[in-house]
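Have a look at the structure below, then the notes.
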Protein chains: 2
Amino acid sequence: MGVPQQRRRAIRKAILAAAIREFAKNGLAGTTTQVLADSAGLSKAQLHYYISSKEELYEEALLHIIGKWKDIFFISADSTDPGQVIRSYIARKVRHSLEHPEMTRLFAREISRGAPILRNHWGALKEDVERASALINSWVARGLIHPVDPVLFLMNIWAVTQHYAEYDAQARFLLGVPDGEPLDPDLFAEEATRMFLLRCGIKPDDGAAT
Amino acid sequence: MGVPQQRRRAIRKAILAAAIREFAKNGLAGTTTQVLADSAGLSKAQLHYYISSKEELYEEALLHIIGKWKDIFFISADSTDPGQVIRSYIARKVRHSLEHPEMTRLFAREISRGAPILRNHWGALKEDVERASALINSWVARGLIHPVDPVLFLMNIWAVTQHYAEYDAQARFLLGVPDGEPLDPDLFAEEATRMFLLRCGIKPDDGAAT
DNA sequence: ATTTGGTCTGGCCAATTGGTTTGACCTTTC
DNA sequence: GAAAGGTCAAACCAATTGGCCAGACCAAAT
């Protein structure tokens, strides 16, 4: 691949990052192509040279996010210890939420609108959820955790772990963390893990079901 | 008050409801005054006769929401039973989230943007949180519940209870509930209550700390 | 009947928007 | 070195937007 190809790729990457950043802040309609261009360090004409339309860039940003998530939040079924699986999953999700809040925010915005775009890509989501549900149900069947509705359990984990990306501003205010300083992922992951493990009947410290 | 005054008030109410509905869907910039007018059953000119600007209407909608919440989500300290207080609080929040998802969504959008408007009205929030925190701390001190960071505890309750308003579309898809049918508040409230009570060391069934 | 005050309408305008065009510039290839 | 093709900036365009205005309408008061 030649140098120009690399340059092209770098620009596209910058555009995508800018898109996620800006769309997350003010939504599809609330983000002008001029703002996108500025945010990506390009002129407006240059931006339009690389993208076909604002709407398509929006969809691309969403697809990029769910693709990335599929990689990061894989639930490995090879561990026999539910406590460890849950703990690791929550820790990864919290960390990602705090490190890339724009992704979570953009995703939330889209769902909150009724998911007009992502609606067409829900097949993958369903698959993942069903795989995770099956795993949780198998834990219940083997008596490793207390009975629980796996879908509600998963959705509640998402709710808690994603909350701190979306409500970053509120959390900072209530916890007294200034804007420059990062929020501590361990603080949230700790508490969330304790809660969900307790829900499963697992003592947070030793990882064994009661 | 005369009939014309009533009419005026009814129109303003319709405008406010339309504002919450539409702003929640597409945000401040994404909502045109024409759409607001249509949604309120008025002409655009008529709308502009009743409001001074789109931005001000947006702020009014936000203030209306937090004002309403202050009334609904008051945590009464007169009950000596933490379990009952928590259970009632969660039930009210879930019910409200499902019955008026637009309010929760609009609020979430604003916070997610960094709360540029609501930032100026955070005094009230802080007060409420501090009152609730004091109550929770007193429970801990009296040994009624297990030790817990009250702010994290509260934020996690919000996360879970508000989740189903924001992620309504996703929840419907995963639970297989068609768009016409309402989501069952008890299903979510049940699970959430169980979880947070367990976190406090309260057995969900009898309401006594272990 | 006429005045008066509030309400409403259609038409209008200035500003902004997404996107295009034109022509210049640069790099590669022959 | 010149032809070709990719890249870019400035000007531009059509469409949309928030908001305004002159006057029509209308109910109540005189």
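The chains in the structure tokens are called A, B, ... from first to last as shown; in each chain the residues are counted from 1, and the ligands are counted from 1 in the order shown.
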Subject >> Non-local contacts of A:Ala18 (8 Å; only C-alpha atoms (C1' of nucleotides); under 4 positions in same chain excluded) as a PyMOL selection string >> reply: chain A and resi 14+22+36+39-40
How about saving the chosen residues, N, CA and C atoms kept, as a PDB file, in the first residue's frame?
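Here's the written file part15.pdb:
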```pdb
ATOM      1  N   ALA A  14      -9.804   9.950  10.790  1.00  0.00           N
ATOM      2  CA  ALA A  14     -10.050  11.206  11.498  1.00  0.00           C
ATOM      3  C   ALA A  14     -11.508  11.627  11.336  1.00  0.00           C
ATOM      4  N   GLU A  22     -18.819  14.254  17.373  1.00  0.00           N
ATOM      5  CA  GLU A  22     -19.785  15.340  17.183  1.00  0.00           C
ATOM      6  C   GLU A  22     -21.226  14.856  17.169  1.00  0.00           C
ATOM      7  N   LEU A  36     -18.303  19.077  11.537  1.00  0.00           N
ATOM      8  CA  LEU A  36     -17.618  17.809  11.322  1.00  0.00           C
ATOM      9  C   LEU A  36     -16.251  18.043  10.679  1.00  0.00           C
ATOM     10  N   SER A  39     -13.848  19.596  13.122  1.00  0.00           N
ATOM     11  CA  SER A  39     -13.464  18.628  14.139  1.00  0.00           C
ATOM     12  C   SER A  39     -12.466  17.604  13.602  1.00  0.00           C
ATOM     13  N   ALA A  40     -12.543  17.359  12.293  1.00  0.00           N
ATOM     14  CA  ALA A  40     -11.631  16.392  11.680  1.00  0.00           C
ATOM     15  C   ALA A  40     -10.394  17.084  11.106  1.00  0.00           C
TER      16      ALA A  40
END
```
**OP:** Can you pull out every residue within 9 Å of stretch 179-182 of chain B, counting only C-alpha atoms (C1' of nucleotides), but drop anything in the same chain fewer than 3 positions away, and send it as a ChimeraX atom specification?
**Re:** /B:98-99,169,172,185
Counting only C-alpha atoms, which residues of chain A sit at most 6 Å from some atom of chain B, and what is each one's closest atom pair with its distance in Å to one decimal, listed by chain and rising residue number, as a Markdown table?
```
| residue | atom | partner | partner_atom | distance |
| --- | --- | --- | --- | --- |
| A:Lys25 | CA | B:Arg113 | CA | 5.2 |
| A:Ala29 | CA | B:Gly30 | CA | 4.7 |
| A:Gly30 | CA | B:Ala29 | CA | 4.7 |
| A:Ile111 | CA | B:Tyr167 | CA | 5.8 |
| A:Ser112 | CA | B:Glu166 | CA | 4.9 |
| A:Arg113 | CA | B:Lys25 | CA | 5.3 |
| A:Gly114 | CA | B:Ala169 | CA | 5.4 |
| A:Asn156 | CA | B:Val160 | CA | 5.8 |
| A:Ala159 | CA | B:Val160 | CA | 5.4 |
| A:Val160 | CA | B:Ala159 | CA | 5.4 |
| A:His163 | CA | B:Ala159 | CA | 5.6 |
| A:Glu166 | CA | B:Ser112 | CA | 5.0 |
| A:Tyr167 | CA | B:Ser112 | CA | 5.8 |
| A:Ala169 | CA | B:Gly114 | CA | 5.4 |
| A:Met195 | CA | B:Arg199 | CA | 5.5 |
| A:Arg199 | CA | B:Met195 | CA | 5.5 |
```
Original post:
For chain B, which residues have at least one atom within 10 Å of chain D, if we go by only C-alpha atoms (C1' of nucleotides)? Write them as a list in words, please.
Top reply: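 Every residue meeting the condition is included here: Pro4, Thr32, Thr33, Gln34, Lys44, Ala45, His48, Ser52, Ser53 and Lys54 of chain B.
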Would you mind exporting the chosen residues as a short mmCIF file (atom, residue, chain, number, x, y, z; two decimals), in the first residue's frame, restricted to C-alpha atoms?
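Result went into part-v3.cif, see below:
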```cif
data_model
loop_
_atom_site.label_atom_id
_atom_site.label_comp_id
_atom_site.auth_asym_id
_atom_site.auth_seq_id
_atom_site.Cartn_x
_atom_site.Cartn_y
_atom_site.Cartn_z
CA PRO B 4 -59.78 33.03 27.36
CA THR B 32 -37.82 22.69 13.85
CA THR B 33 -40.39 25.14 15.10
CA GLN B 34 -42.65 23.89 12.31
CA LYS B 44 -45.92 28.08 13.11
CA ALA B 45 -46.81 31.76 13.47
CA HIS B 48 -44.18 31.93 17.84
CA SER B 52 -40.33 33.81 22.75
CA SER B 53 -37.76 31.50 21.20
CA LYS B 54 -37.01 27.87 20.59
#
```
**OP:** Enumerate the residues of stretch 6-172 of chain B with a DSSP assignment of helix (DSSP H, G or I), computed from the backbone, and present them as JSON, numbers by chain.
**Re:** {"B": [6, 7, 8, 9, 10, 11, 12, 13, 14, 15, 16, 17, 18, 19, 20, 21, 22, 23, 24, 25, 26, 27, 28, 29, 30, 33, 34, 35, 36, 37, 38, 39, 40, 44, 45, 46, 47, 48, 49, 50, 54, 55, 56, 57, 58, 59, 60, 61, 62, 63, 64, 65, 66, 67, 68, 69, 70, 71, 72, 82, 83, 84, 85, 86, 87, 88, 89, 90, 91, 92, 93, 94, 95, 96, 97, 98, 99, 101, 102, 103, 104, 105, 106, 107, 108, 109, 110, 111, 112, 118, 119, 120, 121, 122, 123, 124, 125, 126, 127, 128, 129, 130, 131, 132, 133, 134, 135, 136, 137, 138, 139, 140, 141, 150, 151, 152, 153, 154, 155, 156, 157, 158, 159, 160, 161, 162, 163, 164, 165, 166, 168, 169, 170, 171, 172]}
**OP:** Specify as a PyMOL selection string all residues of chain C found within 9 Å of chain B, counting only C-alpha atoms (C1' of nucleotides).
**Re:** chain C and resi 7-9
Subject >> Coordinates-based distance that separates atom CA of A:Ser97 from atom CA of A:Ile11 (Å, one decimal) >> reply: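 Value for the atom CA of A:Ile11-atom CA of A:Ser97 distance: 25.2 Å.
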Subject >> Atomic separation - atom CA of A:His96 relative to atom CA of A:Leu62, Å >> reply: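 Taking atom CA of A:Leu62 and atom CA of A:His96, their separation equals 16.0 Å.
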Long-range neighbours of B:Val85 as an mmCIF file with N, CA and C atoms, in the first residue's frame, 9 Å cut-off, only C-alpha atoms (C1' of nucleotides), 6 positions minimum in chain:
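Result saved to around.cif:
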```cif
data_model
loop_
_atom_site.group_PDB
_atom_site.id
_atom_site.type_symbol
_atom_site.label_atom_id
_atom_site.label_comp_id
_atom_site.auth_asym_id
_atom_site.auth_seq_id
_atom_site.Cartn_x
_atom_site.Cartn_y
_atom_site.Cartn_z
ATOM 1 N N ILE B 75 -38.241 11.417 48.645
ATOM 2 C CA ILE B 75 -37.960 10.276 49.508
ATOM 3 C C ILE B 75 -38.386 10.617 50.920
ATOM 4 N N SER B 76 -39.429 9.987 51.367
ATOM 5 C CA SER B 76 -39.944 10.294 52.705
ATOM 6 C C SER B 76 -39.071 9.611 53.751
ATOM 7 N N ALA B 77 -38.651 10.384 54.719
ATOM 8 C CA ALA B 77 -37.769 9.858 55.755
ATOM 9 C C ALA B 77 -38.569 9.397 56.967
ATOM 10 N N SER B 79 -40.627 6.852 57.227
ATOM 11 C CA SER B 79 -40.738 5.408 57.422
ATOM 12 C C SER B 79 -39.472 4.881 58.082
#
```
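Taking only C-alpha atoms into account, A:Ala19 lies nearest to A:His64 out of the set A:Arg87, A:His121, A:Arg7, A:His64.
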